[in-house]
Amino acid sequence: MADVYTSREDEKTIEDILSRGLQVKAPKWTVMRLALAHSLRIPSPPDEALDRVKEKGSEYKLEQVTGQGQGRSSVGQQDYTDAIRGLLNVYTREDLFADDKAFRTHLQRHIRRGLREFRRGWRDGHDFYQFLYQELCAGQEQEYEAEETDFGVRLIVALGEIGVRGEVTESQDGPRITRYLVRLEDPNHLDLVRRGLDKIAFALGLQKHGVFPVETGQPKVIGLDVPRPRNTWKTLSGQNLLEWARTPHEGVSLPLWPGVDVTGTPVTFDLARQPHLLVGGTTGSGKSICLHALILSLLTGVQRERLKLFLIDPKKVEFAPYAKIGSKRITVMTDVDVAQEKLAELVEEMETRTTALEKVGVRDLAEGHRKGLLNIPYIVVFVEELADLVQQVPQAEEHLIRLAQKARATGIHLVIATQRPDARTLNGLLRSNIPSRIALTVQKSTESKIILDETGAERLTGAGDMLIRLSGEPLKRVHGVYVTDDDIAAVIRSEGGR
Ligand SMILES: Nc1ncnc2c1ncn2[C@@H]1O[C@H](COP(=O)(O)OP(=O)(O)OP(=O)(O)O)[C@@H](O)[C@H]1O
Ligand SMILES: [Mg+2]
């Protein structure tokens, strides 16, 4: 009997990584062990569904995967079984030395999860070594601390080069960014700093990633948010989100937890008040993961009992984990015609609800709920890629506009994502009726302007780094949580598939 099974998809990933990623002749278990290492870095436990392999790819013995029974003398292979068992022991907090079967189960789960994350995160054609370094070596702070004092000095030198004199009075480390508080010798230098941000970033070797100024409220002191090297970042996991979601929130109907601010404090806002959201960002900037974080916020939020989600996914992959598990409250639509019909129905539903609200004499659904006069659910529609939807079925756009204009009070909300924030994809009327915006990293400042009405998103650091504009609030920078398919599975299962 084999010890570890892979799926056909896993085998393809292994082959792709060997041929186009590592680009050296190596055995398959090299990739499997890298996948294991990658999975062990993710705090959320891998989903049990990984135990079942639908389309079988290959089978492996522990001799191959962990080198069991292979002596030091044998060429190229060593026995790492105990080391790996020990690592899995720590991760699972189970005694896997006493339970061989459980050891193999967890080993397979982690290898398969790691391979799945490779598929998601590594884009063919990109440098696999670079990707791996970032994934496996992120969060090694000690290395960074040694350099930190240096960096404050470098910042002052960089400021000096644009004619600004000042001193660093304090620095605060957030998950990805260090905020330096700089007291300017001459307040007239403030303009020089604001205009010279690109030059400062250039002098510090930050490439496209920018330095962002922040107000501090202290006299003559400006805050400068400087991104750190990626191997010092702390990734926020889906587990963080679930913890925050457990904190009670008064007067909030649909709390969303996209991530933390620059200093690491969790950020939340109420979708019911916003009342619709546009999410834009270039490919690979973290839109889908951001949408997952918003969906999980709703599924664990205060109104989870009175909630219906319609997930429109023309790309057919992103929302698949929700469809796979199946919950009565979630409808996943991959067919654009079906989605268009659903949106038309929702426009009707909106009209019916408007009449119902008038009849019982309440302003909005929240008031109807509070007074016990209405017991109808909130409805949130997610569109994974607007461009794919409206190009194939232009009528869908009209429905979305109607909903964006009028659905607010009736408890129907939209979250619309696109990787093409341009005038062609985003109808002006739709855009102007979606007041709240999330911009992940974009390529051009013009795209940032379309999403946020100002530039800045082109200087973000990618991987879930975002700027959030909520109606009536100043722009906020947020680092997103990294939600995995395992988090999604855990949440839906814990709800008992309701
Ligand atoms: N919050 C996050 N923290 C850390 N890494 C992240 C985060 N969000 C995204 N990433 C990284 O970026 C990769 C791409 O994310 P995602 O698939 O969400 O991008 P996308 O914008 O939806 O891309 P596409 O337009 O191609 O669909 C992820 O696999 C992950 O490696
Ligand atoms: Mg995506």
# chains A, B, ... in the order shown; residues from 1 in each chain; ligands from 1
call {"tool": "select_by_dssp", "arguments": {"residues": "stretch 97-308 of chain A", "states": "helix (DSSP H, G or I)", "output": "ChimeraX atom specification"}}
result
/A:100-121,128-137,141-161,189-195,197-203,230-232,238-245,271-273,287-300,304-306
call {"tool": "closest_atom_pairs", "arguments": {"of": "chain A", "to": "ligand 1", "cutoff": "9 Å", "atoms": "only C-alpha atoms and all ligand atoms", "output": "CSV"}}
result
residue,atom,partner,partner_atom_place_in_ligand_line,distance
A:Glu117,CA,ligand 1,29 (O),6.9
A:Phe118,CA,ligand 1,29 (O),7.9
A:Arg119,CA,ligand 1,29 (O),8.2
A:Arg120,CA,ligand 1,29 (O),4.8
A:Gly121,CA,ligand 1,29 (O),3.3
A:Trp122,CA,ligand 1,29 (O),6.9
A:Arg123,CA,ligand 1,29 (O),8.8
A:Phe131,CA,ligand 1,31 (O),8.6
A:Glu135,CA,ligand 1,31 (O),7.8
A:Trp233,CA,ligand 1,4 (C),9.0
A:Lys234,CA,ligand 1,4 (C),8.6
A:Thr235,CA,ligand 1,3 (N),5.6
A:Leu236,CA,ligand 1,3 (N),6.4
A:Ser237,CA,ligand 1,3 (N),7.8
A:Pro258,CA,ligand 1,1 (N),8.6
A:Gly259,CA,ligand 1,1 (N),7.6
A:Gly280,CA,ligand 1,21 (O),8.2
A:Gly281,CA,ligand 1,21 (O),6.1
A:Thr282,CA,ligand 1,21 (O),6.0
A:Thr283,CA,ligand 1,25 (O),3.3
A:Gly284,CA,ligand 1,23 (O),3.4
A:Ser285,CA,ligand 1,21 (O),4.0
A:Gly286,CA,ligand 1,18 (O),3.2
A:Lys287,CA,ligand 1,21 (O),3.8
A:Ser288,CA,ligand 1,18 (O),3.7
A:Ile289,CA,ligand 1,18 (O),3.9
A:Cys290,CA,ligand 1,18 (O),6.3
A:Leu291,CA,ligand 1,18 (O),7.9
A:His292,CA,ligand 1,18 (O),8.5
A:Ala293,CA,ligand 1,1 (N),8.8
A:Lys315,CA,ligand 1,27 (O),8.7
A:Glu318,CA,ligand 1,27 (O),7.9
A:Glu384,CA,ligand 1,22 (O),8.4
A:Glu385,CA,ligand 1,27 (O),8.3
A:Ala417,CA,ligand 1,22 (O),9.0
A:Thr418,CA,ligand 1,25 (O),7.7
A:Gln419,CA,ligand 1,25 (O),5.6
A:Leu440,CA,ligand 1,21 (O),7.8
A:Thr441,CA,ligand 1,21 (O),8.7
A:Gly462,CA,ligand 1,12 (O),7.2
A:Ala463,CA,ligand 1,10 (N),3.7
A:Gly464,CA,ligand 1,8 (N),3.8
A:Asp465,CA,ligand 1,1 (N),6.8
A:His479,CA,ligand 1,1 (N),6.3
A:Gly480,CA,ligand 1,1 (N),3.8
A:Val481,CA,ligand 1,1 (N),4.2
A:Tyr482,CA,ligand 1,1 (N),4.0
A:Val483,CA,ligand 1,1 (N),7.2
call {"tool": "residues_around", "arguments": {"residues": "A:Lys406", "least_positions_apart": "3", "cutoff": "10 Å", "atoms": "only C-alpha atoms", "output": "list in words"}}
result
Val347, Met350, Glu351, Thr354, Ile401, Arg402, Leu403, Ala409, Thr410, Ile412, His413 and Asn433 of chain A
call {"tool": "write_last_selection", "arguments": {"atoms": "all heavy atoms", "output": "mmCIF file, in the first residue's frame"}}
result
data_model
loop_
_atom_site.group_PDB
_atom_site.id
_atom_site.type_symbol
_atom_site.label_atom_id
_atom_site.label_comp_id
_atom_site.auth_asym_id
_atom_site.auth_seq_id
_atom_site.Cartn_x
_atom_site.Cartn_y
_atom_site.Cartn_z
ATOM 1 N N VAL A 347 -33.340 42.575 -9.076
ATOM 2 C CA VAL A 347 -33.915 43.905 -9.281
ATOM 3 C C VAL A 347 -35.397 43.864 -8.879
ATOM 4 O O VAL A 347 -35.903 44.755 -8.184
ATOM 5 C CB VAL A 347 -33.739 44.376 -10.750
ATOM 6 C CG1 VAL A 347 -34.506 45.663 -10.996
ATOM 7 C CG2 VAL A 347 -32.259 44.559 -11.070
ATOM 8 N N MET A 350 -35.709 43.675 -5.202
ATOM 9 C CA MET A 350 -35.476 44.996 -4.627
ATOM 10 C C MET A 350 -36.777 45.817 -4.615
ATOM 11 O O MET A 350 -37.113 46.451 -3.613
ATOM 12 C CB MET A 350 -34.393 45.707 -5.431
ATOM 13 C CG MET A 350 -34.216 47.175 -5.135
ATOM 14 S SD MET A 350 -32.950 47.862 -6.195
ATOM 15 C CE MET A 350 -33.872 48.153 -7.694
ATOM 16 N N GLU A 351 -37.519 45.745 -5.748
ATOM 17 C CA GLU A 351 -38.787 46.489 -5.820
ATOM 18 C C GLU A 351 -39.779 45.961 -4.777
ATOM 19 O O GLU A 351 -40.439 46.736 -4.086
ATOM 20 C CB GLU A 351 -39.416 46.375 -7.225
ATOM 21 C CG GLU A 351 -38.513 46.791 -8.387
ATOM 22 C CD GLU A 351 -38.171 48.278 -8.402
ATOM 23 O OE1 GLU A 351 -38.707 49.010 -7.552
ATOM 24 O OE2 GLU A 351 -37.360 48.682 -9.264
ATOM 25 N N THR A 354 -38.784 47.132 -1.417
ATOM 26 C CA THR A 354 -39.050 48.566 -1.213
ATOM 27 C C THR A 354 -40.504 48.768 -0.783
ATOM 28 O O THR A 354 -40.806 49.503 0.154
ATOM 29 C CB THR A 354 -38.768 49.350 -2.514
ATOM 30 O OG1 THR A 354 -37.460 49.024 -2.950
ATOM 31 C CG2 THR A 354 -38.856 50.849 -2.300
ATOM 32 N N ILE A 401 -26.412 48.396 -12.284
ATOM 33 C CA ILE A 401 -26.596 49.843 -12.068
ATOM 34 C C ILE A 401 -27.877 50.098 -11.261
ATOM 35 O O ILE A 401 -27.873 50.847 -10.286
ATOM 36 C CB ILE A 401 -26.642 50.605 -13.418
ATOM 37 C CG1 ILE A 401 -25.272 50.536 -14.085
ATOM 38 C CG2 ILE A 401 -27.067 52.061 -13.226
ATOM 39 C CD1 ILE A 401 -25.220 51.067 -15.502
ATOM 40 N N ARG A 402 -28.945 49.414 -11.657
ATOM 41 C CA ARG A 402 -30.217 49.596 -10.913
ATOM 42 C C ARG A 402 -30.021 49.249 -9.445
ATOM 43 O O ARG A 402 -30.462 49.990 -8.551
ATOM 44 C CB ARG A 402 -31.312 48.674 -11.497
ATOM 45 C CG ARG A 402 -31.775 49.045 -12.892
ATOM 46 C CD ARG A 402 -32.832 50.140 -12.906
ATOM 47 N NE ARG A 402 -34.059 49.823 -12.163
ATOM 48 C CZ ARG A 402 -35.034 49.058 -12.618
ATOM 49 N NH1 ARG A 402 -34.933 48.478 -13.800
ATOM 50 N NH2 ARG A 402 -36.135 48.876 -11.900
ATOM 51 N N LEU A 403 -29.365 48.134 -9.196
ATOM 52 C CA LEU A 403 -29.153 47.698 -7.806
ATOM 53 C C LEU A 403 -28.274 48.711 -7.061
ATOM 54 O O LEU A 403 -28.554 49.065 -5.917
ATOM 55 C CB LEU A 403 -28.521 46.301 -7.765
ATOM 56 C CG LEU A 403 -29.411 45.148 -8.242
ATOM 57 C CD1 LEU A 403 -28.586 43.869 -8.427
ATOM 58 C CD2 LEU A 403 -30.551 44.891 -7.252
ATOM 59 N N ALA A 409 -31.252 50.498 0.854
ATOM 60 C CA ALA A 409 -32.140 50.382 2.020
ATOM 61 C C ALA A 409 -32.718 48.982 2.154
ATOM 62 O O ALA A 409 -33.088 48.551 3.245
ATOM 63 C CB ALA A 409 -33.262 51.402 1.916
ATOM 64 N N THR A 410 -32.792 48.259 1.031
ATOM 65 C CA THR A 410 -33.479 46.965 1.055
ATOM 66 C C THR A 410 -32.578 45.812 1.488
ATOM 67 O O THR A 410 -32.990 44.666 1.455
ATOM 68 C CB THR A 410 -34.070 46.629 -0.331
ATOM 69 O OG1 THR A 410 -32.968 46.398 -1.235
ATOM 70 C CG2 THR A 410 -34.916 47.756 -0.878
ATOM 71 N N ILE A 412 -29.764 44.802 0.058
ATOM 72 C CA ILE A 412 -29.071 44.109 -1.032
ATOM 73 C C ILE A 412 -27.798 44.904 -1.349
ATOM 74 O O ILE A 412 -27.873 46.107 -1.615
ATOM 75 C CB ILE A 412 -29.963 43.986 -2.291
ATOM 76 C CG1 ILE A 412 -31.254 43.234 -1.941
ATOM 77 C CG2 ILE A 412 -29.214 43.273 -3.416
ATOM 78 C CD1 ILE A 412 -32.264 43.143 -3.081
ATOM 79 N N HIS A 413 -26.670 44.251 -1.273
ATOM 80 C CA HIS A 413 -25.394 44.954 -1.435
ATOM 81 C C HIS A 413 -24.526 44.281 -2.495
ATOM 82 O O HIS A 413 -24.619 43.077 -2.697
ATOM 83 C CB HIS A 413 -24.651 45.001 -0.096
ATOM 84 C CG HIS A 413 -25.470 45.635 0.985
ATOM 85 N ND1 HIS A 413 -25.570 46.991 1.136
ATOM 86 C CD2 HIS A 413 -26.276 45.083 1.930
ATOM 87 C CE1 HIS A 413 -26.386 47.262 2.145
ATOM 88 N NE2 HIS A 413 -26.834 46.119 2.640
ATOM 89 N N ASN A 433 -22.225 55.141 -8.514
ATOM 90 C CA ASN A 433 -23.160 54.647 -7.507
ATOM 91 C C ASN A 433 -22.539 53.631 -6.552
ATOM 92 O O ASN A 433 -23.231 53.031 -5.737
ATOM 93 C CB ASN A 433 -24.395 54.050 -8.185
ATOM 94 C CG ASN A 433 -25.358 55.151 -8.588
ATOM 95 O OD1 ASN A 433 -25.976 55.796 -7.737
ATOM 96 N ND2 ASN A 433 -25.429 55.416 -9.889
#
call {"tool": "closest_residue", "arguments": {"among": "A:Lys324, A:Lys371, A:Arg85, A:Lys316", "to": "ligand 2", "atoms": "only C-alpha atoms and all ligand atoms"}}
result
A:Lys316
call {"tool": "residues_around", "arguments": {"residues": "A:Pro219", "least_positions_apart": "6", "cutoff": "10 Å", "atoms": "only C-alpha atoms", "output": "list of chain:residue names"}}
result
A:Arg183, A:Leu184, A:Pro187
call {"tool": "residues_around", "arguments": {"residues": "A:Thr247", "least_positions_apart": "5", "cutoff": "10 Å", "atoms": "only C-alpha atoms", "output": "PyMOL selection string"}}
result
chain A and resi 242+301-302
call {"tool": "write_last_selection", "arguments": {"atoms": "N, CA, C and O atoms", "output": "tab-separated table (two decimals), in the first residue's frame"}}
result
chain	number	residue	atom	x	y	z
A	242	LEU	N	-10.79	34.98	11.71
A	242	LEU	CA	-11.84	34.30	12.47
A	242	LEU	C	-11.83	34.76	13.93
A	242	LEU	O	-12.88	34.89	14.56
A	301	GLY	N	-20.07	36.61	10.53
A	301	GLY	CA	-20.51	37.87	11.15
A	301	GLY	C	-21.84	37.75	11.89
A	301	GLY	O	-22.47	36.68	11.90
A	302	VAL	N	-22.25	38.88	12.48
A	302	VAL	CA	-23.46	38.84	13.33
A	302	VAL	C	-24.72	38.46	12.58
A	302	VAL	O	-25.65	37.92	13.16
call {"tool": "atom_distance", "arguments": {"atom1": "atom CA of A:Gln78", "atom2": "atom CA of A:Phe103"}}
result
18.7 Å
call {"tool": "select_by_dssp", "arguments": {"residues": "stretch 60-270 of chain A", "states": "strand (DSSP E)", "output": "NGL selection string"}}
result
:A and (60 or 166-173 or 177-184 or 212-215 or 221-227 or 255-261 or 266-270)
call {"tool": "residues_around", "arguments": {"residues": "A:Leu346", "least_positions_apart": "6", "cutoff": "10 Å", "atoms": "only C-alpha atoms", "output": "PyMOL selection string"}}
result
chain A and resi 340+352+379+381+399-400+402-403+407+412
call {"tool": "write_last_selection", "arguments": {"atoms": "all heavy atoms", "output": "CSV table (one decimal), in the first residue's frame"}}
result
chain,number,residue,atom,x,y,z
A,340,GLN,N,-27.0,36.6,-15.1
A,340,GLN,CA,-27.7,37.8,-15.6
A,340,GLN,C,-29.2,37.6,-15.2
A,340,GLN,O,-29.8,38.6,-14.7
A,340,GLN,CB,-27.6,37.8,-17.1
A,340,GLN,CG,-28.1,39.0,-17.8
A,340,GLN,CD,-29.6,38.9,-18.1
A,340,GLN,OE1,-30.3,39.7,-17.7
A,340,GLN,NE2,-30.0,37.9,-18.8
A,352,THR,N,-39.9,44.6,-4.7
A,352,THR,CA,-40.8,44.0,-3.7
A,352,THR,C,-40.4,44.5,-2.3
A,352,THR,O,-41.3,44.8,-1.5
A,352,THR,CB,-40.7,42.5,-3.8
A,352,THR,OG1,-40.7,42.1,-5.1
A,352,THR,CG2,-41.8,41.8,-3.1
A,379,ILE,N,-28.8,40.3,1.4
A,379,ILE,CA,-28.3,39.7,0.2
A,379,ILE,C,-27.0,40.4,-0.2
A,379,ILE,O,-27.0,41.6,-0.3
A,379,ILE,CB,-29.4,39.7,-0.9
A,379,ILE,CG1,-30.6,38.9,-0.5
A,379,ILE,CG2,-28.7,39.2,-2.2
A,379,ILE,CD1,-31.7,38.9,-1.6
A,381,VAL,N,-24.1,40.3,-3.2
A,381,VAL,CA,-23.7,39.8,-4.5
A,381,VAL,C,-22.3,40.1,-4.7
A,381,VAL,O,-21.8,41.2,-4.6
A,381,VAL,CB,-24.6,40.4,-5.7
A,381,VAL,CG1,-24.2,39.8,-7.0
A,381,VAL,CG2,-26.0,40.3,-5.4
A,399,HIS,N,-28.6,45.8,-14.8
A,399,HIS,CA,-29.2,45.4,-13.5
A,399,HIS,C,-28.3,45.8,-12.4
A,399,HIS,O,-28.8,46.3,-11.3
A,399,HIS,CB,-29.3,43.8,-13.5
A,399,HIS,CG,-30.1,43.2,-14.6
A,399,HIS,ND1,-31.2,43.8,-15.1
A,399,HIS,CD2,-29.8,42.1,-15.3
A,399,HIS,CE1,-31.7,43.1,-16.1
A,399,HIS,NE2,-30.9,42.0,-16.2
A,400,LEU,N,-27.0,45.7,-12.6
A,400,LEU,CA,-26.0,46.1,-11.5
A,400,LEU,C,-26.2,47.6,-11.2
A,400,LEU,O,-26.2,48.0,-10.1
A,400,LEU,CB,-24.6,45.8,-11.9
A,400,LEU,CG,-24.2,44.3,-11.9
A,400,LEU,CD1,-22.8,44.1,-12.5
A,400,LEU,CD2,-24.2,43.7,-10.5
A,402,ARG,N,-28.9,49.4,-11.7
A,402,ARG,CA,-30.2,49.6,-10.9
A,402,ARG,C,-30.0,49.2,-9.4
A,402,ARG,O,-30.5,50.0,-8.6
A,402,ARG,CB,-31.3,48.7,-11.5
A,402,ARG,CG,-31.8,49.0,-12.9
A,402,ARG,CD,-32.8,50.1,-12.9
A,402,ARG,NE,-34.1,49.8,-12.2
A,402,ARG,CZ,-35.0,49.1,-12.6
A,402,ARG,NH1,-34.9,48.5,-13.8
A,402,ARG,NH2,-36.1,48.9,-11.9
A,403,LEU,N,-29.4,48.1,-9.2
A,403,LEU,CA,-29.2,47.7,-7.8
A,403,LEU,C,-28.3,48.7,-7.1
A,403,LEU,O,-28.6,49.1,-5.9
A,403,LEU,CB,-28.5,46.3,-7.8
A,403,LEU,CG,-29.4,45.1,-8.2
A,403,LEU,CD1,-28.6,43.9,-8.4
A,403,LEU,CD2,-30.6,44.9,-7.3
A,407,ALA,N,-30.7,49.7,-4.2
A,407,ALA,CA,-30.9,48.6,-3.3
A,407,ALA,C,-30.5,48.8,-1.9
A,407,ALA,O,-30.8,48.0,-1.0
A,407,ALA,CB,-30.1,47.4,-3.9
A,412,ILE,N,-29.8,44.8,0.1
A,412,ILE,CA,-29.1,44.1,-1.0
A,412,ILE,C,-27.8,44.9,-1.3
A,412,ILE,O,-27.9,46.1,-1.6
A,412,ILE,CB,-30.0,44.0,-2.3
A,412,ILE,CG1,-31.3,43.2,-1.9
A,412,ILE,CG2,-29.2,43.3,-3.4
A,412,ILE,CD1,-32.3,43.1,-3.1
call {"tool": "atom_distance", "arguments": {"atom1": "atom CA of A:Cys137", "atom2": "atom CA of A:Arg230"}}
result
8.7 Å
call {"tool": "residues_around", "arguments": {"residues": "A:Arg306", "least_positions_apart": "2", "cutoff": "10 Å", "atoms": "only C-alpha atoms", "output": "ChimeraX atom specification"}}
result
/A:299,302-304,308,329,369,375-379
call {"tool": "closest_residue", "arguments": {"among": "A:Glu63, A:Asp198, A:Asp313, A:Asp337", "to": "ligand 2", "atoms": "only C-alpha atoms and all ligand atoms"}}
result
A:Asp313
call {"tool": "closest_residue", "arguments": {"among": "A:Leu62, A:Ile111, A:Val383, A:Val226", "to": "ligand 2", "atoms": "only C-alpha atoms and all ligand atoms"}}
result
A:Val383
